[in-house]
file run.cif (mmCIF, C-alpha atoms)
data_start
loop_
_atom_site.label_atom_id
_atom_site.label_comp_id
_atom_site.auth_asym_id
_atom_site.auth_seq_id
_atom_site.Cartn_x
_atom_site.Cartn_y
_atom_site.Cartn_z
CA MET A 1 28.15 14.11 1.67
CA LEU A 2 25.89 11.89 -0.43
CA GLU A 3 22.49 11.03 1.01
CA CYS A 4 20.94 7.60 0.62
CA LEU A 5 17.85 8.14 -1.54
CA ASN A 6 15.24 5.77 -2.89
CA ASP A 7 14.17 5.60 -6.55
CA PHE A 8 11.90 8.62 -6.11
CA GLY A 9 14.32 11.00 -4.41
CA MET A 10 13.22 10.44 -0.81
CA LYS A 11 15.58 9.61 2.02
CA TRP A 12 15.38 5.92 2.90
CA ASP A 13 15.63 6.74 6.60
CA SER A 14 12.61 9.06 6.58
CA VAL A 15 10.45 6.24 5.22
CA CYS A 16 11.94 3.65 7.58
CA LYS A 17 11.04 5.77 10.59
CA MET A 18 7.36 5.19 9.83
CA CYS A 19 7.82 1.42 10.20
CA ARG A 20 9.93 1.81 13.32
CA ARG A 21 7.35 4.14 14.86
CA GLU A 22 4.58 1.58 14.30
CA GLY A 23 6.76 -1.35 15.39
CA LYS A 24 5.97 -3.38 12.29
CA LYS A 25 7.03 -3.60 8.66
CA LEU A 26 4.73 -1.56 6.44
CA PHE A 27 6.62 -2.56 3.27
CA LEU A 28 6.96 1.01 2.04
CA LYS A 29 10.23 0.48 0.18
CA GLY A 30 9.66 -2.60 -1.92
CA GLU A 31 12.43 -5.18 -2.17
CA ARG A 32 14.60 -3.44 0.43
CA CYS A 33 12.02 -4.35 3.08
CA TYR A 34 12.74 -8.04 2.50
CA SER A 35 16.52 -7.68 2.77
CA SER A 36 18.89 -7.62 5.73
CA LYS A 37 19.35 -3.88 5.07
CA CYS A 38 15.87 -3.14 6.44
CA PRO A 39 16.25 -0.95 9.57
CA MET A 40 13.48 -2.95 11.24
CA VAL A 41 15.98 -5.83 11.31
CA LYS A 42 18.83 -3.74 12.70
CA ARG A 43 16.93 -1.33 14.94
CA LYS A 44 13.81 -2.87 16.43
CA TYR A 45 12.90 0.20 18.45
CA PRO A 46 11.19 3.57 17.83
CA PRO A 47 13.10 6.49 16.25
CA GLY A 48 14.36 9.35 18.44
CA ILE A 49 16.77 9.69 21.33
CA HIS A 50 14.54 7.65 23.65
CA GLY A 51 13.95 4.94 21.04
CA PRO A 52 16.48 2.40 22.36
CA LYS A 53 14.40 2.11 25.53
CA GLY A 54 11.89 0.21 23.42
CA TYR A 55 8.16 0.46 22.94
CA GLY A 56 6.35 1.62 26.04
CA ARG A 57 3.06 0.25 27.28
CA LEU A 58 0.20 1.88 25.40
CA SER A 59 -3.19 2.95 26.68
CA GLU A 60 -6.36 1.82 24.92
CA TYR A 61 -6.37 5.09 22.97
CA GLY A 62 -2.67 4.64 22.14
CA LEU A 63 -3.30 1.17 20.70
CA GLN A 64 -6.14 2.51 18.56
CA LEU A 65 -4.03 5.43 17.35
CA ARG A 66 -1.03 3.29 16.44
CA GLU A 67 -3.22 0.81 14.53
CA LYS A 68 -4.88 3.63 12.61
CA GLN A 69 -1.56 5.30 11.83
CA GLY A 70 -0.02 2.02 10.71
CA LEU A 71 -2.90 1.22 8.35
CA LYS A 72 -2.92 4.74 6.96
CA ARG A 73 0.84 4.75 6.36
CA SER A 74 0.82 1.28 4.85
CA TYR A 75 -1.58 2.41 2.11
CA GLY A 76 0.13 5.80 1.86
CA ILE A 77 -2.92 8.00 2.41
CA GLY A 78 -3.57 11.11 4.47
CA GLU A 79 -5.81 11.56 7.49
CA ARG A 80 -8.55 13.28 5.51
CA GLN A 81 -8.76 10.41 3.03
CA MET A 82 -8.73 7.81 5.78
CA LYS A 83 -11.55 9.53 7.63
CA SER A 84 -13.49 9.82 4.37
CA TYR A 85 -13.16 6.08 3.71
CA PHE A 86 -14.31 5.36 7.26
CA ASN A 87 -17.38 7.58 6.90
CA LYS A 88 -18.29 5.85 3.62
CA ALA A 89 -17.78 2.41 5.18
CA LYS A 90 -19.96 3.36 8.16
CA LYS A 91 -22.88 4.12 5.85
CA LYS A 92 -22.84 0.62 4.35
CA THR A 93 -24.33 -2.53 5.82
CA GLY A 94 -21.82 -5.01 7.24
CA ASN A 95 -18.53 -5.09 9.13
CA VAL A 96 -17.23 -1.50 9.00
CA GLY A 97 -13.59 -2.58 9.37
CA LEU A 98 -13.77 -5.01 6.43
CA ILE A 99 -15.62 -2.50 4.27
CA LEU A 100 -12.92 0.06 5.09
CA LEU A 101 -10.24 -2.39 3.94
CA LYS A 102 -12.20 -3.04 0.75
CA PHE A 103 -12.08 0.66 -0.11
CA LEU A 104 -8.32 0.67 0.49
CA GLU A 105 -7.69 -2.51 -1.51
CA LYS A 106 -9.70 -1.25 -4.49
CA ARG A 107 -7.55 1.85 -4.88
CA LEU A 108 -5.83 1.86 -8.27
CA ASP A 109 -2.39 2.41 -6.74
CA ASN A 110 -2.86 -0.66 -4.51
CA VAL A 111 -3.89 -2.85 -7.47
CA VAL A 112 -0.92 -1.66 -9.56
CA TYR A 113 1.37 -2.44 -6.62
CA ARG A 114 -0.16 -5.84 -5.82
CA ALA A 115 0.05 -6.85 -9.48
CA GLY A 116 3.81 -6.24 -9.40
CA PHE A 117 3.93 -3.19 -11.70
CA ALA A 118 5.73 -1.29 -8.93
CA SER A 119 7.83 -2.36 -5.94
CA SER A 120 5.81 -0.23 -3.51
CA ARG A 121 2.54 1.68 -3.33
CA ARG A 122 4.54 4.89 -3.35
CA GLY A 123 6.09 3.83 -6.66
CA ALA A 124 2.66 2.85 -8.01
CA ARG A 125 1.26 6.28 -7.14
CA GLN A 126 4.04 7.98 -9.05
CA ILE A 127 3.48 5.86 -12.17
CA ILE A 128 -0.24 6.66 -12.04
CA SER A 129 0.16 10.37 -11.23
CA TYR A 130 2.42 10.80 -14.26
CA GLY A 131 -0.36 9.47 -16.49
CA ASN A 132 1.33 6.18 -17.32
CA ILE A 133 -1.56 3.85 -16.44
CA LEU A 134 -4.63 3.19 -18.57
CA VAL A 135 -7.96 1.87 -17.29
CA ASN A 136 -10.19 0.52 -20.05
CA ALA A 137 -7.85 2.19 -22.59
CA ARG A 138 -8.30 5.62 -20.97
CA ARG A 139 -5.63 7.41 -18.97
CA VAL A 140 -6.34 7.59 -15.25
CA ASP A 141 -3.95 9.71 -13.20
CA ILE A 142 -5.80 9.48 -9.87
CA PRO A 143 -4.17 6.94 -7.49
CA SER A 144 -7.34 6.76 -5.36
CA TYR A 145 -9.52 5.69 -8.32
CA GLN A 146 -11.76 2.81 -7.18
CA VAL A 147 -11.48 -0.11 -9.59
CA LYS A 148 -14.63 -1.96 -10.66
CA ILE A 149 -15.38 -5.48 -11.86
CA GLY A 150 -14.48 -5.69 -15.55
CA ASP A 151 -11.85 -2.93 -15.46
CA VAL A 152 -8.74 -3.66 -17.51
CA ILE A 153 -5.59 -1.93 -16.29
CA GLU A 154 -2.39 -1.66 -18.33
CA PRO A 155 0.64 0.61 -18.70
CA LYS A 156 0.85 3.29 -21.32
CA LYS A 157 2.81 2.15 -24.38
CA LYS A 158 5.96 4.11 -23.57
CA LYS A 159 9.28 2.29 -23.91
CA ARG A 160 10.66 3.50 -20.58
CA ILE A 161 7.51 2.54 -18.66
CA ILE A 162 7.19 -0.85 -20.36
CA GLU A 163 10.83 -1.65 -19.60
CA LYS A 164 10.50 -0.57 -15.96
CA ILE A 165 7.36 -2.63 -15.36
CA SER A 166 8.79 -5.60 -17.27
CA GLN A 167 11.82 -5.50 -15.00
CA GLN A 168 9.59 -5.42 -11.92
CA LEU A 169 7.52 -8.37 -13.13
CA SER A 170 10.57 -10.45 -14.07
CA SER A 171 11.90 -10.10 -10.53
CA LYS A 172 8.76 -11.72 -9.10
CA LYS A 173 7.69 -15.35 -9.00
CA SER A 174 4.28 -16.19 -10.48
CA GLU A 175 2.84 -17.02 -7.04
CA GLU A 176 3.86 -13.57 -5.78
CA LEU A 177 1.80 -11.79 -8.42
CA GLY A 178 -1.91 -11.32 -8.94
CA SER A 179 -4.67 -12.02 -6.48
CA ARG A 180 -7.87 -14.03 -6.17
CA TRP A 181 -9.96 -11.00 -7.11
CA PHE A 182 -8.01 -9.87 -10.17
CA SER A 183 -6.08 -11.65 -12.90
CA LEU A 184 -2.71 -10.71 -14.36
CA ASP A 185 -1.46 -11.38 -17.87
CA ARG A 186 2.30 -11.01 -17.44
CA LYS A 187 3.04 -11.16 -21.16
CA GLU A 188 0.48 -8.53 -22.16
CA MET A 189 0.97 -6.61 -18.88
CA LYS A 190 -2.76 -6.42 -18.28
CA ILE A 191 -4.72 -6.61 -15.05
CA LYS A 192 -8.41 -7.50 -15.09
CA ILE A 193 -10.70 -7.06 -12.09
CA ILE A 194 -12.79 -10.23 -11.91
CA THR A 195 -14.60 -9.92 -8.58
CA GLU A 196 -14.81 -7.88 -5.36
CA PRO A 197 -12.07 -8.40 -2.75
CA ASP A 198 -13.21 -9.98 0.52
CA ALA A 199 -11.79 -10.90 3.92
CA GLU A 200 -9.45 -13.56 2.47
CA ASP A 201 -7.77 -10.92 0.30
CA PHE A 202 -7.18 -8.34 3.03
CA PRO A 203 -3.87 -7.92 4.91
CA LYS A 204 -3.80 -9.73 8.25
CA ASP A 205 -1.30 -7.30 9.85
CA PHE A 206 -3.92 -4.86 11.14
CA ASP A 207 -6.77 -5.03 13.62
CA THR A 208 -9.37 -2.85 11.93
CA SER A 209 -11.65 -3.08 14.96
CA LEU A 210 -9.18 -0.76 16.74
CA VAL A 211 -9.32 1.66 13.79
CA VAL A 212 -13.13 1.65 13.93
CA GLU A 213 -13.02 2.28 17.68
CA PHE A 214 -10.63 5.19 17.16
CA TYR A 215 -12.91 6.96 14.68
CA SER A 216 -16.02 6.12 16.70
CA ARG A 217 -14.82 7.89 19.84
#
call {"tool": "encode", "arguments": {"input": "run.cif", "output": "structure tokens"}}
result
Amino acid sequence: MLECLNDFGMKWDSVCKMCRREGKKLFLKGERCYSSKCPMVKRKYPPGIHGPKGYGRLSEYGLQLREKQGLKRSYGIGERQMKSYFNKAKKKTGNVGLILLKFLEKRLDNVVYRAGFASSRRGARQIISYGNILVNARRVDIPSYQVKIGDVIEPKKKKRIIEKISQQLSSKKSEELGSRWFSLDRKEMKIKIITEPDAEDFPKDFDTSLVVEFYSR
């Protein structure tokens, strides 16, 4: 029996369960998340045999945990990395939750995804890990690399990679690509970091104050 796999060999259902567990779309599968095939459209309840009963009432701790897990899964990072970002954010002056989001947004895999080079952060991580992304003309194969103002990001000049990214870009409208804090040259396939991201650039789907409370317990 054939299994339904995504572009990177993972079962679609295993990824969808993360969204269903959190009760919100985390957009882990690219275009499929926007279609009627998304399980969050068909099954708006948690995975498991008790899932159809719906989402139970959560305690204060439960709310904090779910928000932390959702944010972590959305950016595709592990617990150790998430805790590390929180500890770094805590040492800086300002709103810890917003500083935490800034660390997450400045990850190279997030920028590659937001620029439209990949349909998901998972896909962006694979492109980077395989050494197919250049930063300032040098290969960077670390998805967690923190981009800086002035960085120029582009794909390696390999026919297969150029064609894949070109296809991704052509499927997007101009207003869906780029961001206020970086520019995108679609023709040259180049991203340039022009400023630091701020509150206006961060996702509005998460309450980072709950994440801060979770780690501050």
call {"tool": "residues_around", "arguments": {"input": "run.cif", "residues": "range 135-149 of chain A", "least_positions_apart": "4", "cutoff": "12 Å", "atoms": "only C-alpha atoms", "output": "ChimeraX atom specification"}}
result
/A:75-78,81-82,84-85,102-113,121-131,153-157,181-183,190-197
call {"tool": "resolve_selection", "arguments": {"input": "run.cif", "expression": "the PyMOL selection byres ((chain A and resi 207-212) around 7)", "output": "PyMOL selection string"}}
result
chain A and resi 64+67-68+97+206+213-216
call {"tool": "atom_distance", "arguments": {"input": "run.cif", "atom1": "CA of Gly116 in chain A", "atom2": "CA of Leu98 in chain A"}}
result
23.7 Å
call {"tool": "residues_around", "arguments": {"input": "run.cif", "residues": "Lys204 in chain A", "least_positions_apart": "5", "cutoff": "12 Å", "atoms": "all atoms listed in the file", "output": "short mmCIF file (atom, residue, chain, number, x, y, z; two decimals) with C-alpha atoms, in the frame of the given file"}}
result
data_model
loop_
_atom_site.label_atom_id
_atom_site.label_comp_id
_atom_site.auth_asym_id
_atom_site.auth_seq_id
_atom_site.Cartn_x
_atom_site.Cartn_y
_atom_site.Cartn_z
CA LEU A 26 4.73 -1.56 6.44
CA LEU A 71 -2.90 1.22 8.35
CA LEU A 98 -13.77 -5.01 6.43
CA LEU A 101 -10.24 -2.39 3.94
CA ALA A 199 -11.79 -10.90 3.92
#
call {"tool": "atom_distance", "arguments": {"input": "run.cif", "atom1": "CA of Gln167 in chain A", "atom2": "CA of Ser74 in chain A"}}
result
23.7 Å
call {"tool": "atom_distance", "arguments": {"input": "run.cif", "atom1": "CA of Arg114 in chain A", "atom2": "CA of Gly150 in chain A"}}
result
17.3 Å
call {"tool": "build_atoms", "arguments": {"input": "run.cif", "residues": "range 91-127 of chain A", "atoms": "N, CA and C atoms", "output": "PDB file, in the coordinates of the input"}}
result
ATOM      1  N   LYS A  91     -21.556   3.973   6.425  1.00  0.00           N
ATOM      2  CA  LYS A  91     -22.880   4.120   5.850  1.00  0.00           C
ATOM      3  C   LYS A  91     -23.376   2.843   5.178  1.00  0.00           C
ATOM      4  N   LYS A  92     -22.465   1.873   5.000  1.00  0.00           N
ATOM      5  CA  LYS A  92     -22.840   0.620   4.350  1.00  0.00           C
ATOM      6  C   LYS A  92     -23.195  -0.446   5.375  1.00  0.00           C
ATOM      7  N   THR A  93     -23.939  -1.437   4.946  1.00  0.00           N
ATOM      8  CA  THR A  93     -24.330  -2.530   5.820  1.00  0.00           C
ATOM      9  C   THR A  93     -23.221  -3.580   5.886  1.00  0.00           C
ATOM     10  N   GLY A  94     -22.849  -3.987   7.094  1.00  0.00           N
ATOM     11  CA  GLY A  94     -21.820  -5.010   7.240  1.00  0.00           C
ATOM     12  C   GLY A  94     -20.742  -4.583   8.212  1.00  0.00           C
ATOM     13  N   ASN A  95     -19.665  -5.361   8.248  1.00  0.00           N
ATOM     14  CA  ASN A  95     -18.530  -5.090   9.130  1.00  0.00           C
ATOM     15  C   ASN A  95     -17.791  -3.852   8.640  1.00  0.00           C
ATOM     16  N   VAL A  96     -17.814  -2.782   9.421  1.00  0.00           N
ATOM     17  CA  VAL A  96     -17.230  -1.500   9.000  1.00  0.00           C
ATOM     18  C   VAL A  96     -15.731  -1.646   8.714  1.00  0.00           C
ATOM     19  N   GLY A  97     -15.020  -2.408   9.561  1.00  0.00           N
ATOM     20  CA  GLY A  97     -13.590  -2.580   9.370  1.00  0.00           C
ATOM     21  C   GLY A  97     -13.254  -3.254   8.051  1.00  0.00           C
ATOM     22  N   LEU A  98     -14.011  -4.298   7.691  1.00  0.00           N
ATOM     23  CA  LEU A  98     -13.770  -5.010   6.430  1.00  0.00           C
ATOM     24  C   LEU A  98     -14.143  -4.158   5.229  1.00  0.00           C
ATOM     25  N   ILE A  99     -15.210  -3.388   5.372  1.00  0.00           N
ATOM     26  CA  ILE A  99     -15.620  -2.500   4.270  1.00  0.00           C
ATOM     27  C   ILE A  99     -14.567  -1.411   4.061  1.00  0.00           C
ATOM     28  N   LEU A 100     -13.989  -0.924   5.169  1.00  0.00           N
ATOM     29  CA  LEU A 100     -12.920   0.060   5.090  1.00  0.00           C
ATOM     30  C   LEU A 100     -11.733  -0.510   4.321  1.00  0.00           C
ATOM     31  N   LEU A 101     -11.351  -1.755   4.641  1.00  0.00           N
ATOM     32  CA  LEU A 101     -10.240  -2.390   3.940  1.00  0.00           C
ATOM     33  C   LEU A 101     -10.554  -2.595   2.465  1.00  0.00           C
ATOM     34  N   LYS A 102     -11.817  -2.858   2.152  1.00  0.00           N
ATOM     35  CA  LYS A 102     -12.200  -3.040   0.750  1.00  0.00           C
ATOM     36  C   LYS A 102     -11.971  -1.748  -0.036  1.00  0.00           C
ATOM     37  N   PHE A 103     -12.332  -0.624   0.555  1.00  0.00           N
ATOM     38  CA  PHE A 103     -12.080   0.660  -0.110  1.00  0.00           C
ATOM     39  C   PHE A 103     -10.576   0.852  -0.365  1.00  0.00           C
ATOM     40  N   LEU A 104      -9.770   0.497   0.614  1.00  0.00           N
ATOM     41  CA  LEU A 104      -8.320   0.670   0.490  1.00  0.00           C
ATOM     42  C   LEU A 104      -7.734  -0.283  -0.557  1.00  0.00           C
ATOM     43  N   GLU A 105      -8.209  -1.524  -0.560  1.00  0.00           N
ATOM     44  CA  GLU A 105      -7.690  -2.510  -1.510  1.00  0.00           C
ATOM     45  C   GLU A 105      -8.069  -2.179  -2.950  1.00  0.00           C
ATOM     46  N   LYS A 106      -9.232  -1.539  -3.140  1.00  0.00           N
ATOM     47  CA  LYS A 106      -9.700  -1.250  -4.490  1.00  0.00           C
ATOM     48  C   LYS A 106      -9.110   0.026  -5.078  1.00  0.00           C
ATOM     49  N   ARG A 107      -8.238   0.680  -4.331  1.00  0.00           N
ATOM     50  CA  ARG A 107      -7.550   1.850  -4.880  1.00  0.00           C
ATOM     51  C   ARG A 107      -6.668   1.398  -6.048  1.00  0.00           C
ATOM     52  N   LEU A 108      -6.615   2.206  -7.086  1.00  0.00           N
ATOM     53  CA  LEU A 108      -5.830   1.860  -8.270  1.00  0.00           C
ATOM     54  C   LEU A 108      -4.354   1.680  -7.932  1.00  0.00           C
ATOM     55  N   ASP A 109      -3.809   2.541  -7.063  1.00  0.00           N
ATOM     56  CA  ASP A 109      -2.390   2.410  -6.740  1.00  0.00           C
ATOM     57  C   ASP A 109      -2.103   1.091  -6.022  1.00  0.00           C
ATOM     58  N   ASN A 110      -3.050   0.613  -5.204  1.00  0.00           N
ATOM     59  CA  ASN A 110      -2.860  -0.660  -4.510  1.00  0.00           C
ATOM     60  C   ASN A 110      -2.872  -1.820  -5.498  1.00  0.00           C
ATOM     61  N   VAL A 111      -3.793  -1.774  -6.475  1.00  0.00           N
ATOM     62  CA  VAL A 111      -3.890  -2.850  -7.470  1.00  0.00           C
ATOM     63  C   VAL A 111      -2.613  -2.893  -8.318  1.00  0.00           C
ATOM     64  N   VAL A 112      -2.145  -1.726  -8.755  1.00  0.00           N
ATOM     65  CA  VAL A 112      -0.920  -1.660  -9.560  1.00  0.00           C
ATOM     66  C   VAL A 112       0.263  -2.217  -8.767  1.00  0.00           C
ATOM     67  N   TYR A 113       0.304  -1.918  -7.479  1.00  0.00           N
ATOM     68  CA  TYR A 113       1.370  -2.440  -6.620  1.00  0.00           C
ATOM     69  C   TYR A 113       1.238  -3.942  -6.426  1.00  0.00           C
ATOM     70  N   ARG A 114       0.037  -4.413  -6.086  1.00  0.00           N
ATOM     71  CA  ARG A 114      -0.160  -5.840  -5.820  1.00  0.00           C
ATOM     72  C   ARG A 114       0.056  -6.689  -7.066  1.00  0.00           C
ATOM     73  N   ALA A 115      -0.164  -6.120  -8.229  1.00  0.00           N
ATOM     74  CA  ALA A 115       0.050  -6.850  -9.480  1.00  0.00           C
ATOM     75  C   ALA A 115       1.534  -6.917  -9.859  1.00  0.00           C
ATOM     76  N   GLY A 116       2.376  -6.180  -9.146  1.00  0.00           N
ATOM     77  CA  GLY A 116       3.810  -6.240  -9.400  1.00  0.00           C
ATOM     78  C   GLY A 116       4.321  -5.217 -10.390  1.00  0.00           C
ATOM     79  N   PHE A 117       3.480  -4.230 -10.774  1.00  0.00           N
ATOM     80  CA  PHE A 117       3.930  -3.190 -11.700  1.00  0.00           C
ATOM     81  C   PHE A 117       4.894  -2.225 -11.021  1.00  0.00           C
ATOM     82  N   ALA A 118       4.854  -2.174  -9.700  1.00  0.00           N
ATOM     83  CA  ALA A 118       5.730  -1.290  -8.930  1.00  0.00           C
ATOM     84  C   ALA A 118       6.163  -2.035  -7.673  1.00  0.00           C
ATOM     85  N   SER A 119       7.306  -1.655  -7.115  1.00  0.00           N
ATOM     86  CA  SER A 119       7.830  -2.360  -5.940  1.00  0.00           C
ATOM     87  C   SER A 119       7.206  -1.876  -4.637  1.00  0.00           C
ATOM     88  N   SER A 120       6.462  -0.768  -4.697  1.00  0.00           N
ATOM     89  CA  SER A 120       5.810  -0.230  -3.510  1.00  0.00           C
ATOM     90  C   SER A 120       4.581   0.576  -3.932  1.00  0.00           C
ATOM     91  N   ARG A 121       3.701   0.853  -2.997  1.00  0.00           N
ATOM     92  CA  ARG A 121       2.540   1.680  -3.330  1.00  0.00           C
ATOM     93  C   ARG A 121       2.969   3.094  -3.676  1.00  0.00           C
ATOM     94  N   ARG A 122       4.020   3.557  -3.036  1.00  0.00           N
ATOM     95  CA  ARG A 122       4.540   4.890  -3.350  1.00  0.00           C
ATOM     96  C   ARG A 122       4.977   4.949  -4.815  1.00  0.00           C
ATOM     97  N   GLY A 123       5.666   3.895  -5.263  1.00  0.00           N
ATOM     98  CA  GLY A 123       6.090   3.830  -6.660  1.00  0.00           C
ATOM     99  C   GLY A 123       4.904   3.745  -7.598  1.00  0.00           C
ATOM    100  N   ALA A 124       3.867   2.981  -7.190  1.00  0.00           N
ATOM    101  CA  ALA A 124       2.660   2.850  -8.010  1.00  0.00           C
ATOM    102  C   ALA A 124       1.961   4.192  -8.157  1.00  0.00           C
ATOM    103  N   ARG A 125       1.908   4.957  -7.072  1.00  0.00           N
ATOM    104  CA  ARG A 125       1.260   6.280  -7.140  1.00  0.00           C
ATOM    105  C   ARG A 125       1.981   7.196  -8.114  1.00  0.00           C
ATOM    106  N   GLN A 126       3.301   7.113  -8.144  1.00  0.00           N
ATOM    107  CA  GLN A 126       4.040   7.980  -9.050  1.00  0.00           C
ATOM    108  C   GLN A 126       3.773   7.606 -10.506  1.00  0.00           C
ATOM    109  N   ILE A 127       3.764   6.306 -10.800  1.00  0.00           N
ATOM    110  CA  ILE A 127       3.480   5.860 -12.170  1.00  0.00           C
ATOM    111  C   ILE A 127       2.106   6.355 -12.609  1.00  0.00           C
TER     112      ILE A 127
END
